[in-house]
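model34.cif (mmCIF, N, CA, C and O atoms)
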data_structure
#
loop_
_atom_site.label_atom_id
_atom_site.label_comp_id
_atom_site.auth_asym_id
_atom_site.auth_seq_id
_atom_site.Cartn_x
_atom_site.Cartn_y
_atom_site.Cartn_z
N MET X 1 -29.11 -44.52 0.39
CA MET X 1 -29.37 -45.85 -0.13
C MET X 1 -28.33 -46.18 -1.20
O MET X 1 -28.01 -45.37 -2.05
N LYS X 2 -27.84 -47.39 -1.11
CA LYS X 2 -26.87 -47.88 -2.09
C LYS X 2 -27.61 -48.62 -3.21
O LYS X 2 -28.47 -49.45 -2.94
N VAL X 3 -27.26 -48.31 -4.45
CA VAL X 3 -27.87 -48.97 -5.61
C VAL X 3 -26.80 -49.81 -6.30
O VAL X 3 -25.74 -49.31 -6.67
N VAL X 4 -27.09 -51.11 -6.44
CA VAL X 4 -26.14 -52.05 -7.04
C VAL X 4 -26.77 -52.67 -8.28
O VAL X 4 -27.93 -53.04 -8.27
N GLN X 5 -25.98 -52.77 -9.35
CA GLN X 5 -26.46 -53.38 -10.59
C GLN X 5 -25.88 -54.78 -10.73
O GLN X 5 -24.70 -54.99 -10.48
N SER X 6 -26.71 -55.71 -11.16
CA SER X 6 -26.20 -57.04 -11.49
C SER X 6 -25.50 -56.94 -12.84
O SER X 6 -25.70 -55.99 -13.60
N GLY X 7 -24.71 -57.92 -13.16
CA GLY X 7 -23.99 -57.93 -14.44
C GLY X 7 -24.92 -57.92 -15.63
O GLY X 7 -24.71 -57.19 -16.60
N ILE X 8 -25.97 -58.72 -15.57
CA ILE X 8 -26.90 -58.80 -16.70
C ILE X 8 -27.66 -57.48 -16.87
O ILE X 8 -27.91 -57.05 -18.00
N PHE X 9 -27.99 -56.83 -15.77
CA PHE X 9 -28.66 -55.52 -15.86
C PHE X 9 -27.74 -54.51 -16.53
O PHE X 9 -28.14 -53.79 -17.43
N PHE X 10 -26.49 -54.46 -16.09
CA PHE X 10 -25.51 -53.52 -16.64
C PHE X 10 -25.32 -53.73 -18.14
O PHE X 10 -25.33 -52.79 -18.92
N ARG X 11 -25.18 -54.99 -18.56
CA ARG X 11 -24.97 -55.30 -19.98
C ARG X 11 -26.19 -54.95 -20.82
O ARG X 11 -26.07 -54.49 -21.96
N THR X 12 -27.38 -55.15 -20.27
CA THR X 12 -28.60 -54.83 -21.00
C THR X 12 -28.74 -53.33 -21.19
O THR X 12 -29.05 -52.86 -22.29
N VAL X 13 -28.49 -52.55 -20.15
CA VAL X 13 -28.61 -51.09 -20.23
C VAL X 13 -27.57 -50.53 -21.18
O VAL X 13 -27.83 -49.58 -21.93
N LYS X 14 -26.40 -51.12 -21.18
CA LYS X 14 -25.31 -50.66 -22.04
C LYS X 14 -25.69 -50.70 -23.52
O LYS X 14 -25.24 -49.87 -24.31
N LYS X 15 -26.55 -51.63 -23.91
CA LYS X 15 -26.93 -51.82 -25.31
C LYS X 15 -28.08 -50.92 -25.76
O LYS X 15 -28.40 -50.87 -26.94
N LEU X 16 -28.71 -50.21 -24.81
CA LEU X 16 -29.88 -49.40 -25.14
C LEU X 16 -29.50 -48.09 -25.81
O LEU X 16 -28.39 -47.60 -25.67
N HIS X 17 -30.49 -47.50 -26.49
CA HIS X 17 -30.31 -46.17 -27.08
C HIS X 17 -30.43 -45.12 -25.98
O HIS X 17 -30.93 -45.39 -24.89
N LYS X 18 -30.01 -43.91 -26.28
CA LYS X 18 -29.98 -42.83 -25.30
C LYS X 18 -31.36 -42.57 -24.68
O LYS X 18 -31.48 -42.42 -23.46
N LYS X 19 -32.40 -42.53 -25.50
CA LYS X 19 -33.76 -42.27 -25.00
C LYS X 19 -34.19 -43.37 -24.03
O LYS X 19 -34.80 -43.09 -23.00
N GLU X 20 -33.87 -44.61 -24.36
CA GLU X 20 -34.23 -45.73 -23.49
C GLU X 20 -33.43 -45.69 -22.19
O GLU X 20 -33.98 -45.97 -21.12
N LYS X 21 -32.16 -45.33 -22.27
CA LYS X 21 -31.34 -45.22 -21.06
C LYS X 21 -31.89 -44.17 -20.11
O LYS X 21 -31.90 -44.36 -18.89
N MET X 22 -32.34 -43.05 -20.67
CA MET X 22 -32.91 -41.99 -19.84
C MET X 22 -34.19 -42.47 -19.15
O MET X 22 -34.42 -42.17 -17.98
N ALA X 23 -35.00 -43.24 -19.85
CA ALA X 23 -36.22 -43.78 -19.27
C ALA X 23 -35.91 -44.78 -18.16
O ALA X 23 -36.59 -44.82 -17.13
N VAL X 24 -34.85 -45.58 -18.34
CA VAL X 24 -34.43 -46.53 -17.31
C VAL X 24 -33.94 -45.77 -16.08
O VAL X 24 -34.27 -46.14 -14.95
N GLU X 25 -33.16 -44.72 -16.28
CA GLU X 25 -32.69 -43.90 -15.15
C GLU X 25 -33.87 -43.32 -14.38
O GLU X 25 -33.86 -43.31 -13.14
N ASP X 26 -34.89 -42.83 -15.08
CA ASP X 26 -36.08 -42.30 -14.42
C ASP X 26 -36.79 -43.40 -13.62
O ASP X 26 -37.25 -43.16 -12.49
N ALA X 27 -36.89 -44.59 -14.19
CA ALA X 27 -37.54 -45.71 -13.50
C ALA X 27 -36.77 -46.09 -12.25
O ALA X 27 -37.36 -46.36 -11.20
N VAL X 28 -35.43 -46.11 -12.34
CA VAL X 28 -34.62 -46.45 -11.17
C VAL X 28 -34.78 -45.40 -10.08
O VAL X 28 -34.89 -45.73 -8.90
N ARG X 29 -34.84 -44.13 -10.47
CA ARG X 29 -35.07 -43.06 -9.47
C ARG X 29 -36.43 -43.24 -8.79
O ARG X 29 -36.55 -43.06 -7.57
N LYS X 30 -37.44 -43.58 -9.57
CA LYS X 30 -38.78 -43.77 -9.03
C LYS X 30 -38.80 -44.95 -8.04
O LYS X 30 -39.39 -44.87 -6.97
N VAL X 31 -38.12 -46.04 -8.41
CA VAL X 31 -38.06 -47.22 -7.55
C VAL X 31 -37.26 -46.91 -6.28
O VAL X 31 -37.63 -47.33 -5.18
N ALA X 32 -36.17 -46.17 -6.42
CA ALA X 32 -35.34 -45.83 -5.26
C ALA X 32 -36.10 -44.92 -4.29
O ALA X 32 -35.93 -45.02 -3.07
N ALA X 33 -36.94 -44.04 -4.83
CA ALA X 33 -37.73 -43.15 -3.98
C ALA X 33 -38.79 -43.91 -3.19
O ALA X 33 -39.08 -43.58 -2.04
N ASP X 34 -39.38 -44.93 -3.80
CA ASP X 34 -40.40 -45.75 -3.14
C ASP X 34 -40.16 -47.21 -3.52
O ASP X 34 -40.58 -47.66 -4.59
N THR X 35 -39.49 -47.95 -2.65
CA THR X 35 -39.08 -49.32 -2.97
C THR X 35 -40.24 -50.31 -3.06
O THR X 35 -40.05 -51.43 -3.47
N SER X 36 -41.44 -49.88 -2.69
CA SER X 36 -42.59 -50.77 -2.80
C SER X 36 -43.39 -50.49 -4.07
O SER X 36 -44.53 -50.93 -4.21
N THR X 37 -42.79 -49.79 -5.02
CA THR X 37 -43.46 -49.40 -6.26
C THR X 37 -43.86 -50.60 -7.12
O THR X 37 -44.96 -50.66 -7.63
N GLY X 38 -42.98 -51.55 -7.31
CA GLY X 38 -43.25 -52.67 -8.21
C GLY X 38 -44.14 -53.73 -7.60
O GLY X 38 -44.47 -53.69 -6.41
N ASP X 39 -44.52 -54.69 -8.42
CA ASP X 39 -45.34 -55.82 -7.97
C ASP X 39 -44.46 -56.88 -7.35
O ASP X 39 -43.48 -57.32 -7.96
N MET X 40 -44.82 -57.34 -6.13
CA MET X 40 -44.08 -58.40 -5.46
C MET X 40 -44.39 -59.73 -6.12
O MET X 40 -45.55 -60.02 -6.43
N LYS X 41 -43.36 -60.52 -6.38
CA LYS X 41 -43.53 -61.82 -7.03
C LYS X 41 -43.58 -62.92 -5.99
O LYS X 41 -43.14 -62.76 -4.85
N LYS X 42 -44.07 -64.08 -6.40
CA LYS X 42 -44.25 -65.22 -5.50
C LYS X 42 -43.45 -66.41 -6.01
O LYS X 42 -42.88 -66.36 -7.09
N GLY X 43 -43.46 -67.47 -5.24
CA GLY X 43 -42.82 -68.72 -5.64
C GLY X 43 -41.32 -68.62 -5.71
O GLY X 43 -40.67 -68.20 -4.75
N ALA X 44 -40.74 -68.99 -6.84
CA ALA X 44 -39.29 -68.99 -7.01
C ALA X 44 -38.71 -67.57 -7.00
O ALA X 44 -37.52 -67.38 -6.78
N LEU X 45 -39.55 -66.58 -7.21
CA LEU X 45 -39.10 -65.19 -7.28
C LEU X 45 -39.46 -64.40 -6.02
O LEU X 45 -39.53 -63.18 -6.05
N ILE X 46 -39.65 -65.08 -4.91
CA ILE X 46 -40.04 -64.39 -3.68
C ILE X 46 -38.95 -63.38 -3.28
O ILE X 46 -37.77 -63.67 -3.39
N GLY X 47 -39.39 -62.20 -2.90
CA GLY X 47 -38.45 -61.14 -2.54
C GLY X 47 -38.09 -60.23 -3.70
O GLY X 47 -37.41 -59.23 -3.52
N VAL X 48 -38.54 -60.57 -4.89
CA VAL X 48 -38.24 -59.77 -6.08
C VAL X 48 -39.48 -58.96 -6.44
O VAL X 48 -40.60 -59.46 -6.39
N ARG X 49 -39.26 -57.72 -6.80
CA ARG X 49 -40.34 -56.85 -7.28
C ARG X 49 -40.06 -56.51 -8.74
O ARG X 49 -38.91 -56.41 -9.14
N VAL X 50 -41.11 -56.32 -9.51
CA VAL X 50 -40.98 -55.96 -10.92
C VAL X 50 -41.77 -54.69 -11.17
O VAL X 50 -42.96 -54.62 -10.89
N TYR X 51 -41.08 -53.69 -11.69
CA TYR X 51 -41.68 -52.40 -12.02
C TYR X 51 -41.80 -52.32 -13.54
O TYR X 51 -40.83 -52.55 -14.25
N LYS X 52 -43.00 -51.97 -14.02
CA LYS X 52 -43.25 -51.89 -15.46
C LYS X 52 -43.31 -50.43 -15.88
O LYS X 52 -43.93 -49.61 -15.20
N PHE X 53 -42.68 -50.12 -17.02
CA PHE X 53 -42.73 -48.76 -17.56
C PHE X 53 -42.62 -48.83 -19.07
O PHE X 53 -42.19 -49.82 -19.62
N LYS X 54 -43.04 -47.74 -19.73
CA LYS X 54 -43.05 -47.71 -21.19
C LYS X 54 -42.07 -46.67 -21.72
O LYS X 54 -41.90 -45.61 -21.13
N VAL X 55 -41.46 -47.01 -22.84
CA VAL X 55 -40.65 -46.08 -23.62
C VAL X 55 -41.26 -46.11 -25.01
O VAL X 55 -41.25 -47.16 -25.65
N SER X 56 -41.78 -44.98 -25.44
CA SER X 56 -42.56 -44.91 -26.69
C SER X 56 -43.70 -45.91 -26.60
O SER X 56 -44.55 -45.77 -25.75
N ASP X 57 -43.69 -46.94 -27.42
CA ASP X 57 -44.77 -47.93 -27.38
C ASP X 57 -44.31 -49.28 -26.84
O ASP X 57 -45.06 -50.23 -26.82
N LYS X 58 -43.07 -49.36 -26.39
CA LYS X 58 -42.51 -50.62 -25.90
C LYS X 58 -42.51 -50.64 -24.38
O LYS X 58 -42.07 -49.70 -23.74
N GLN X 59 -43.00 -51.75 -23.81
CA GLN X 59 -43.03 -51.88 -22.35
C GLN X 59 -41.78 -52.61 -21.86
O GLN X 59 -41.38 -53.63 -22.42
N TYR X 60 -41.18 -52.08 -20.80
CA TYR X 60 -40.00 -52.69 -20.17
C TYR X 60 -40.36 -53.14 -18.77
O TYR X 60 -41.22 -52.54 -18.11
N LEU X 61 -39.68 -54.16 -18.31
CA LEU X 61 -39.84 -54.66 -16.95
C LEU X 61 -38.50 -54.54 -16.25
O LEU X 61 -37.47 -54.94 -16.81
N LEU X 62 -38.51 -54.00 -15.05
CA LEU X 62 -37.31 -53.81 -14.24
C LEU X 62 -37.47 -54.64 -12.98
O LEU X 62 -38.36 -54.38 -12.17
N ALA X 63 -36.63 -55.65 -12.82
CA ALA X 63 -36.68 -56.51 -11.64
C ALA X 63 -35.64 -56.03 -10.64
O ALA X 63 -34.50 -55.75 -11.00
N TYR X 64 -36.07 -55.93 -9.38
CA TYR X 64 -35.15 -55.47 -8.34
C TYR X 64 -35.48 -56.12 -7.00
O TYR X 64 -36.54 -56.69 -6.81
N ARG X 65 -34.53 -56.02 -6.10
CA ARG X 65 -34.68 -56.53 -4.74
C ARG X 65 -34.18 -55.45 -3.80
O ARG X 65 -33.14 -54.83 -4.05
N TYR X 66 -34.89 -55.21 -2.69
CA TYR X 66 -34.48 -54.21 -1.71
C TYR X 66 -34.21 -54.90 -0.38
O TYR X 66 -35.03 -55.65 0.12
N ASP X 67 -33.02 -54.64 0.18
CA ASP X 67 -32.64 -55.19 1.48
C ASP X 67 -32.67 -54.06 2.50
O ASP X 67 -31.85 -53.14 2.44
N LYS X 68 -33.62 -54.12 3.43
CA LYS X 68 -33.78 -53.06 4.42
C LYS X 68 -32.59 -52.97 5.36
O LYS X 68 -32.18 -51.87 5.74
N LYS X 69 -32.05 -54.11 5.76
CA LYS X 69 -30.92 -54.11 6.71
C LYS X 69 -29.72 -53.36 6.14
O LYS X 69 -29.09 -52.57 6.83
N LEU X 70 -29.40 -53.65 4.90
CA LEU X 70 -28.24 -53.02 4.26
C LEU X 70 -28.60 -51.69 3.60
O LEU X 70 -27.70 -50.97 3.15
N ASP X 71 -29.90 -51.38 3.52
CA ASP X 71 -30.39 -50.22 2.78
C ASP X 71 -29.81 -50.22 1.37
O ASP X 71 -29.19 -49.26 0.91
N GLN X 72 -30.00 -51.37 0.70
CA GLN X 72 -29.41 -51.59 -0.63
C GLN X 72 -30.47 -52.01 -1.63
O GLN X 72 -31.25 -52.92 -1.38
N LEU X 73 -30.47 -51.35 -2.78
CA LEU X 73 -31.36 -51.68 -3.88
C LEU X 73 -30.54 -52.40 -4.94
O LEU X 73 -29.58 -51.84 -5.45
N THR X 74 -30.89 -53.65 -5.23
CA THR X 74 -30.17 -54.44 -6.22
C THR X 74 -31.02 -54.54 -7.48
O THR X 74 -32.13 -55.07 -7.44
N LEU X 75 -30.50 -54.02 -8.58
CA LEU X 75 -31.18 -54.07 -9.87
C LEU X 75 -30.80 -55.39 -10.54
O LEU X 75 -29.65 -55.59 -10.91
N LEU X 76 -31.74 -56.29 -10.69
CA LEU X 76 -31.46 -57.64 -11.16
C LEU X 76 -31.50 -57.78 -12.67
O LEU X 76 -30.58 -58.34 -13.26
N ALA X 77 -32.58 -57.31 -13.30
CA ALA X 77 -32.73 -57.53 -14.75
C ALA X 77 -33.63 -56.47 -15.35
O ALA X 77 -34.42 -55.84 -14.66
N LEU X 78 -33.48 -56.32 -16.66
CA LEU X 78 -34.28 -55.37 -17.43
C LEU X 78 -34.58 -56.02 -18.76
O LEU X 78 -33.70 -56.63 -19.37
N GLY X 79 -35.81 -55.88 -19.23
CA GLY X 79 -36.12 -56.43 -20.54
C GLY X 79 -37.59 -56.32 -20.86
O GLY X 79 -38.38 -55.79 -20.09
N SER X 80 -37.94 -56.84 -22.04
CA SER X 80 -39.34 -56.88 -22.43
C SER X 80 -39.97 -58.13 -21.81
O SER X 80 -39.27 -58.97 -21.24
N HIS X 81 -41.27 -58.25 -21.92
CA HIS X 81 -41.97 -59.35 -21.26
C HIS X 81 -41.58 -60.72 -21.80
O HIS X 81 -41.59 -61.71 -21.09
N GLU X 82 -41.20 -60.78 -23.07
CA GLU X 82 -40.87 -62.06 -23.69
C GLU X 82 -39.68 -62.71 -22.99
O GLU X 82 -38.59 -62.15 -22.93
N ASN X 83 -39.88 -63.88 -22.45
CA ASN X 83 -38.87 -64.69 -21.77
C ASN X 83 -38.29 -64.03 -20.51
O ASN X 83 -37.34 -64.54 -19.93
N PHE X 84 -38.85 -62.93 -20.06
CA PHE X 84 -38.32 -62.22 -18.89
C PHE X 84 -38.46 -63.07 -17.64
O PHE X 84 -37.50 -63.27 -16.91
N TYR X 85 -39.66 -63.59 -17.41
CA TYR X 85 -39.90 -64.38 -16.20
C TYR X 85 -39.27 -65.76 -16.28
O TYR X 85 -38.98 -66.37 -15.26
N ARG X 86 -39.04 -66.25 -17.48
CA ARG X 86 -38.38 -67.55 -17.64
C ARG X 86 -36.93 -67.47 -17.17
O ARG X 86 -36.43 -68.37 -16.50
N ASP X 87 -36.25 -66.40 -17.51
CA ASP X 87 -34.83 -66.26 -17.19
C ASP X 87 -34.56 -65.63 -15.82
O ASP X 87 -33.47 -65.75 -15.30
N LEU X 88 -35.55 -64.97 -15.24
CA LEU X 88 -35.35 -64.23 -14.00
C LEU X 88 -34.88 -65.07 -12.81
O LEU X 88 -34.03 -64.60 -12.04
N PRO X 89 -35.35 -66.29 -12.60
CA PRO X 89 -34.86 -67.06 -11.44
C PRO X 89 -33.34 -67.28 -11.46
O PRO X 89 -32.71 -67.38 -10.41
N LYS X 90 -32.73 -67.30 -12.64
CA LYS X 90 -31.27 -67.45 -12.72
C LYS X 90 -30.55 -66.26 -12.10
O LYS X 90 -29.51 -66.41 -11.48
N TYR X 91 -31.10 -65.07 -12.29
CA TYR X 91 -30.45 -63.86 -11.81
C TYR X 91 -30.75 -63.58 -10.34
O TYR X 91 -30.09 -62.78 -9.72
N ASN X 92 -31.74 -64.25 -9.80
CA ASN X 92 -32.17 -64.01 -8.43
C ASN X 92 -31.35 -64.79 -7.41
O ASN X 92 -31.53 -64.63 -6.22
N GLU X 93 -30.46 -65.62 -7.84
CA GLU X 93 -29.69 -66.47 -6.91
C GLU X 93 -28.69 -65.69 -6.12
O GLU X 93 -28.24 -64.68 -6.38
#
Serialized structure, structure tokens:
Amino acid sequence: MKVVQSGIFFRTVKKLHKKEKMAVEDAVRKVAADTSTGDMKKGALIGVRVYKFKVSDKQYLLAYRYDKKLDQLTLLALGSHENFYRDLPKYNE
């Protein structure tokens, strides 16, 4: 399976601390192992799944899309719940 990062995902992960980066890597491995792990979204975000995980006491949301034909996992966005769903349709295009 090919894993592709969007630009916004890459920039967000780049700013994280080491402990948070390790948690993100674990979450990506979990999603790659079972692509139906996250919650499927509806409406403008159809085809996008969001996986929720915690680092210490902070919850993160990882948005991704899986294309079966290409066997490709696209990591769209990462962030806290605040304004996450507001900005997500921009990255889903």
List as a tab-separated table every residue of segment 55-76 of chain X that is in contact with segment 7-26 of chain X, defined as an atom at most 9 Å from one of its atoms (using only C-alpha atoms), together with the nearest atom pair and the distance in Å rounded to one decimal, sorted by chain and then rising number.
residue	atom	partner	partner_atom	distance
X:Val55	CA	X:Glu20	CA	6.4
X:Ser56	CA	X:Glu20	CA	9.0
X:Tyr60	CA	X:Val24	CA	8.8
X:Leu62	CA	X:Val24	CA	8.4
X:Leu75	CA	X:Phe9	CA	6.7
X:Leu76	CA	X:Phe9	CA	5.9
Between atom C of Tyr91 of chain X and atom N of Lys58 of chain X, measure the distance and give it in Å to one decimal. 24.7 Å
List the spatial neighbours of Leu70 of chain X as an MDAnalysis selection string - criterion: any atom at most 7 Å away, only N, CA, C and O atoms, same-chain residues fewer than 2 positions off excluded. chainID X and resid 1:2 67:68 72:73
Can you pull out every residue within 4.5 Å of Arg49 of chain X, counting all atoms listed in the file, but drop anything in the same chain fewer than 2 positions away, and send it as a list in words?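 Residues meeting the cut-off are Asp39, Met40, Gly47, Tyr51, Leu62, Ala63 and Tyr64 of chain X.
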Best match for closeness to Ala33 of chain X among X:Asp57, X:Leu78, X:Tyr66, X:Leu88, counting only C-alpha atoms: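 Closest residue, counting only C-alpha atoms: X:Tyr66.
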Mind listing the strand (DSSP E) residues of chain X, per DSSP on the backbone, as a PyMOL selection string? chain X and resi 2-5+39-40+49-55+58-67+72-79
In Å to one decimal, how far is atom CA of Asp71 of chain X from atom N of Lys54 of chain X?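 Computing it gives 25.9 Å between the two atoms.
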Do you know which residues are at most 8 Å from Thr74 of chain X counting only C-alpha atoms, after dropping those on the same chain fewer than 4 positions away, and could you put them as a VMD selection string? chain X and resid 3 to 6 64 to 66
Could you dump the residues just selected with N, CA, C and O atoms as an mmCIF file, in the frame of the given file?
data_model
loop_
_atom_site.group_PDB
_atom_site.id
_atom_site.type_symbol
_atom_site.label_atom_id
_atom_site.label_comp_id
_atom_site.auth_asym_id
_atom_site.auth_seq_id
_atom_site.Cartn_x
_atom_site.Cartn_y
_atom_site.Cartn_z
ATOM 1 N N VAL X 3 -27.260 -48.310 -4.450
ATOM 2 C CA VAL X 3 -27.870 -48.970 -5.610
ATOM 3 C C VAL X 3 -26.800 -49.810 -6.300
ATOM 4 O O VAL X 3 -25.740 -49.310 -6.670
ATOM 5 N N VAL X 4 -27.090 -51.110 -6.440
ATOM 6 C CA VAL X 4 -26.140 -52.050 -7.040
ATOM 7 C C VAL X 4 -26.770 -52.670 -8.280
ATOM 8 O O VAL X 4 -27.930 -53.040 -8.270
ATOM 9 N N GLN X 5 -25.980 -52.770 -9.350
ATOM 10 C CA GLN X 5 -26.460 -53.380 -10.590
ATOM 11 C C GLN X 5 -25.880 -54.780 -10.730
ATOM 12 O O GLN X 5 -24.700 -54.990 -10.480
ATOM 13 N N SER X 6 -26.710 -55.710 -11.160
ATOM 14 C CA SER X 6 -26.200 -57.040 -11.490
ATOM 15 C C SER X 6 -25.500 -56.940 -12.840
ATOM 16 O O SER X 6 -25.700 -55.990 -13.600
ATOM 17 N N TYR X 64 -36.070 -55.930 -9.380
ATOM 18 C CA TYR X 64 -35.150 -55.470 -8.340
ATOM 19 C C TYR X 64 -35.480 -56.120 -7.000
ATOM 20 O O TYR X 64 -36.540 -56.690 -6.810
ATOM 21 N N ARG X 65 -34.530 -56.020 -6.100
ATOM 22 C CA ARG X 65 -34.680 -56.530 -4.740
ATOM 23 C C ARG X 65 -34.180 -55.450 -3.800
ATOM 24 O O ARG X 65 -33.140 -54.830 -4.050
ATOM 25 N N TYR X 66 -34.890 -55.210 -2.690
ATOM 26 C CA TYR X 66 -34.480 -54.210 -1.710
ATOM 27 C C TYR X 66 -34.210 -54.900 -0.380
ATOM 28 O O TYR X 66 -35.030 -55.650 0.120
#
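Counting only C-alpha atoms and comparing X:Ala77, X:Glu82, X:Val50, X:Lys69, the residue that lies closest to Ser36 of chain X is X:Val50.
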Using only the atoms of segment 24-32 of chain X listed in the file, plus 5 Å on each side, state the axis-aligned box centre and edge lengths in Å rounded to one decimal, as AutoDock Vina command-line options.
--center_x -36.0 --center_y -44.8 --center_z -10.7 --size_x 16.7 --size_y 15.0 --size_z 25.3
Could you please write out, as a VMD selection string, every residue of chain X that DSSP assigns to helix (DSSP H, G or I)? chain X and resid 7 to 14 18 to 33 43 to 45 84 to 91
So the first atom is atom CA of Asp34 of chain X and the second is atom CA of Gly79 of chain X; what is the distance between them in Å, to one decimal place?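 We find that atom CA of Asp34 of chain X and atom CA of Gly79 of chain X lie 20.9 Å from each other.
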